[in-house]
Amino acid sequence: MAIKVGQGEEQQRITVPVNYLNHPLFIQLLKEAEEEYGFSHQGTIVIPCQVAEFKNVQHLIDTDQMSHHHLVGCFRA
């Protein structure tokens with residue numbers, strides 16, 4: 001499934017497996033995206049965090065290191 005990661009013109013299209021939709025780390029990113037854009041956002045799923053941060057989360061999902069949930073907060077300073 002194709003999603004966009006980043007903000008503004010720095011968005012990057014990334015393809016992720018559909019099974020990410022069931023992973024707790026990705027679900028957290030979706031919840032944060034909902035807080036940022038609202039539930040009625042149309043079009044491609046957009047995860048508005050740094051691409052490097054998303055790739056880190058993607059690596060955690062791929063290796064299923066569930067003990068690193070604290071690394072998910074792309075929107076928190």
# chains A, B, ... in the order shown; residues from 1 in each chain; ligands from 1

$ residues_around --residues "stretch 4-13 of chain A" --least-positions-apart "5" --cutoff "12 Å" --atoms "only C-alpha atoms" --output "ChimeraX atom specification"
/A:29-30,33,36-37,43-55,57-58,74-75

$ write_last_selection --atoms "N, CA, C and O atoms" --output "PDB file, in the first residue's frame"
ATOM      1  N   LEU A  29       0.916   5.592  14.667  1.00  0.00           N
ATOM      2  CA  LEU A  29       1.179   6.634  13.669  1.00  0.00           C
ATOM      3  C   LEU A  29      -0.113   7.099  13.012  1.00  0.00           C
ATOM      4  O   LEU A  29      -0.302   8.295  12.769  1.00  0.00           O
ATOM      5  N   LEU A  30      -1.013   6.155  12.717  1.00  0.00           N
ATOM      6  CA  LEU A  30      -2.299   6.525  12.123  1.00  0.00           C
ATOM      7  C   LEU A  30      -3.124   7.377  13.083  1.00  0.00           C
ATOM      8  O   LEU A  30      -3.771   8.342  12.660  1.00  0.00           O
ATOM      9  N   ALA A  33      -1.672  10.787  12.986  1.00  0.00           N
ATOM     10  CA  ALA A  33      -2.045  11.445  11.730  1.00  0.00           C
ATOM     11  C   ALA A  33      -3.494  11.927  11.799  1.00  0.00           C
ATOM     12  O   ALA A  33      -3.825  13.015  11.311  1.00  0.00           O
ATOM     13  N   GLU A  36      -3.624  15.077  13.630  1.00  0.00           N
ATOM     14  CA  GLU A  36      -3.070  16.171  12.830  1.00  0.00           C
ATOM     15  C   GLU A  36      -4.038  16.630  11.736  1.00  0.00           C
ATOM     16  O   GLU A  36      -4.226  17.818  11.507  1.00  0.00           O
ATOM     17  N   TYR A  37      -4.652  15.667  11.011  1.00  0.00           N
ATOM     18  CA  TYR A  37      -5.456  15.975   9.831  1.00  0.00           C
ATOM     19  C   TYR A  37      -6.950  15.789  10.015  1.00  0.00           C
ATOM     20  O   TYR A  37      -7.731  16.226   9.180  1.00  0.00           O
ATOM     21  N   GLY A  43      -7.974  10.943   0.203  1.00  0.00           N
ATOM     22  CA  GLY A  43      -6.799  10.591  -0.582  1.00  0.00           C
ATOM     23  C   GLY A  43      -5.829   9.688   0.146  1.00  0.00           C
ATOM     24  O   GLY A  43      -6.190   8.935   1.042  1.00  0.00           O
ATOM     25  N   THR A  44      -4.578   9.787  -0.241  1.00  0.00           N
ATOM     26  CA  THR A  44      -3.507   8.953   0.287  1.00  0.00           C
ATOM     27  C   THR A  44      -3.314   9.183   1.781  1.00  0.00           C
ATOM     28  O   THR A  44      -3.405  10.307   2.256  1.00  0.00           O
ATOM     29  N   ILE A  45      -3.020   8.109   2.501  1.00  0.00           N
ATOM     30  CA  ILE A  45      -2.679   8.232   3.917  1.00  0.00           C
ATOM     31  C   ILE A  45      -1.384   9.029   4.008  1.00  0.00           C
ATOM     32  O   ILE A  45      -0.411   8.732   3.316  1.00  0.00           O
ATOM     33  N   VAL A  46      -1.371  10.060   4.864  1.00  0.00           N
ATOM     34  CA  VAL A  46      -0.186  10.891   5.055  1.00  0.00           C
ATOM     35  C   VAL A  46       0.246  10.790   6.512  1.00  0.00           C
ATOM     36  O   VAL A  46      -0.541  11.041   7.416  1.00  0.00           O
ATOM     37  N   ILE A  47       1.491  10.401   6.707  1.00  0.00           N
ATOM     38  CA  ILE A  47       2.091  10.359   8.039  1.00  0.00           C
ATOM     39  C   ILE A  47       3.017  11.573   8.121  1.00  0.00           C
ATOM     40  O   ILE A  47       4.090  11.575   7.524  1.00  0.00           O
ATOM     41  N   PRO A  48       2.596  12.645   8.813  1.00  0.00           N
ATOM     42  CA  PRO A  48       3.371  13.890   8.797  1.00  0.00           C
ATOM     43  C   PRO A  48       4.507  13.916   9.822  1.00  0.00           C
ATOM     44  O   PRO A  48       4.517  14.707  10.748  1.00  0.00           O
ATOM     45  N   CYS A  49       5.461  13.026   9.649  1.00  0.00           N
ATOM     46  CA  CYS A  49       6.657  13.062  10.483  1.00  0.00           C
ATOM     47  C   CYS A  49       7.874  12.987   9.560  1.00  0.00           C
ATOM     48  O   CYS A  49       7.741  12.750   8.362  1.00  0.00           O
ATOM     49  N   GLN A  50       9.035  13.210  10.108  1.00  0.00           N
ATOM     50  CA  GLN A  50      10.263  13.146   9.323  1.00  0.00           C
ATOM     51  C   GLN A  50      10.399  11.762   8.674  1.00  0.00           C
ATOM     52  O   GLN A  50      10.089  10.746   9.299  1.00  0.00           O
ATOM     53  N   VAL A  51      10.847  11.725   7.434  1.00  0.00           N
ATOM     54  CA  VAL A  51      11.009  10.461   6.719  1.00  0.00           C
ATOM     55  C   VAL A  51      11.979   9.552   7.483  1.00  0.00           C
ATOM     56  O   VAL A  51      11.721   8.348   7.622  1.00  0.00           O
ATOM     57  N   ALA A  52      13.051  10.107   8.009  1.00  0.00           N
ATOM     58  CA  ALA A  52      14.021   9.299   8.759  1.00  0.00           C
ATOM     59  C   ALA A  52      13.387   8.677   9.994  1.00  0.00           C
ATOM     60  O   ALA A  52      13.661   7.517  10.322  1.00  0.00           O
ATOM     61  N   GLU A  53      12.508   9.428  10.678  1.00  0.00           N
ATOM     62  CA  GLU A  53      11.814   8.888  11.851  1.00  0.00           C
ATOM     63  C   GLU A  53      10.882   7.758  11.443  1.00  0.00           C
ATOM     64  O   GLU A  53      10.789   6.737  12.111  1.00  0.00           O
ATOM     65  N   PHE A  54      10.176   7.943  10.309  1.00  0.00           N
ATOM     66  CA  PHE A  54       9.285   6.888   9.844  1.00  0.00           C
ATOM     67  C   PHE A  54      10.074   5.642   9.477  1.00  0.00           C
ATOM     68  O   PHE A  54       9.666   4.531   9.790  1.00  0.00           O
ATOM     69  N   LYS A  55      11.204   5.817   8.811  1.00  0.00           N
ATOM     70  CA  LYS A  55      12.019   4.660   8.429  1.00  0.00           C
ATOM     71  C   LYS A  55      12.511   3.906   9.661  1.00  0.00           C
ATOM     72  O   LYS A  55      12.630   2.681   9.637  1.00  0.00           O
ATOM     73  N   VAL A  57      10.791   3.698  12.509  1.00  0.00           N
ATOM     74  CA  VAL A  57       9.606   2.949  12.941  1.00  0.00           C
ATOM     75  C   VAL A  57       9.374   1.766  12.010  1.00  0.00           C
ATOM     76  O   VAL A  57       9.061   0.655  12.461  1.00  0.00           O
ATOM     77  N   GLN A  58       9.545   1.982  10.723  1.00  0.00           N
ATOM     78  CA  GLN A  58       9.387   0.900   9.743  1.00  0.00           C
ATOM     79  C   GLN A  58      10.354  -0.244  10.044  1.00  0.00           C
ATOM     80  O   GLN A  58       9.972  -1.416   9.994  1.00  0.00           O
ATOM     81  N   CYS A  74       5.998  10.868  16.320  1.00  0.00           N
ATOM     82  CA  CYS A  74       6.520  11.782  15.306  1.00  0.00           C
ATOM     83  C   CYS A  74       6.092  13.218  15.540  1.00  0.00           C
ATOM     84  O   CYS A  74       6.726  14.137  15.050  1.00  0.00           O
ATOM     85  N   PHE A  75       4.973  13.449  16.240  1.00  0.00           N
ATOM     86  CA  PHE A  75       4.440  14.788  16.389  1.00  0.00           C
ATOM     87  C   PHE A  75       4.826  15.421  17.708  1.00  0.00           C
ATOM     88  O   PHE A  75       4.592  16.583  17.937  1.00  0.00           O
TER      89      PHE A  75
END

$ select_by_dssp --residues "chain A" --states "alpha helix (DSSP H)" --output "ChimeraX atom specification"
/A:24-37,51-63

$ write_last_selection --atoms "C-alpha atoms" --output "CSV table (one decimal), in the first residue's frame"
chain,number,residue,atom,x,y,z
A,24,PRO,CA,0.6,-1.4,17.1
A,25,LEU,CA,3.4,1.0,16.0
A,26,PHE,CA,1.7,1.8,12.7
A,27,ILE,CA,-1.7,2.1,14.4
A,28,GLN,CA,-0.1,4.7,16.7
A,29,LEU,CA,1.2,6.6,13.7
A,30,LEU,CA,-2.3,6.5,12.1
A,31,LYS,CA,-3.8,7.9,15.4
A,32,GLU,CA,-1.3,10.7,15.4
A,33,ALA,CA,-2.0,11.4,11.7
A,34,GLU,CA,-5.8,11.5,12.6
A,35,GLU,CA,-5.0,14.1,15.3
A,36,GLU,CA,-3.1,16.2,12.8
A,37,TYR,CA,-5.5,16.0,9.8
A,51,VAL,CA,11.0,10.5,6.7
A,52,ALA,CA,14.0,9.3,8.8
A,53,GLU,CA,11.8,8.9,11.9
A,54,PHE,CA,9.3,6.9,9.8
A,55,LYS,CA,12.0,4.7,8.4
A,56,ASN,CA,13.1,4.0,12.0
A,57,VAL,CA,9.6,2.9,12.9
A,58,GLN,CA,9.4,0.9,9.7
A,59,HIS,CA,12.6,-0.9,10.7
A,60,LEU,CA,11.1,-1.6,14.2
A,61,ILE,CA,7.9,-3.0,12.6
A,62,ASP,CA,9.9,-5.1,10.2
A,63,THR,CA,12.0,-6.6,13.0

$ select_by_dssp --residues "chain A" --states "strand (DSSP E or B)" --output "mmCIF file with C-alpha atoms, in the first residue's frame"
data_model
loop_
_atom_site.group_PDB
_atom_site.id
_atom_site.type_symbol
_atom_site.label_atom_id
_atom_site.label_comp_id
_atom_site.auth_asym_id
_atom_site.auth_seq_id
_atom_site.Cartn_x
_atom_site.Cartn_y
_atom_site.Cartn_z
ATOM 1 C CA ALA A 2 1.352 3.448 -0.861
ATOM 2 C CA ILE A 3 1.446 6.185 1.772
ATOM 3 C CA LYS A 4 3.068 9.604 1.972
ATOM 4 C CA VAL A 5 5.504 10.461 4.740
ATOM 5 C CA GLN A 12 8.015 11.038 0.121
ATOM 6 C CA ARG A 13 5.896 8.200 -1.294
ATOM 7 C CA ILE A 14 6.638 4.947 0.526
ATOM 8 C CA THR A 15 5.135 1.523 -0.085
ATOM 9 C CA VAL A 46 -0.186 10.891 5.055
ATOM 10 C CA ILE A 47 2.091 10.359 8.039
#
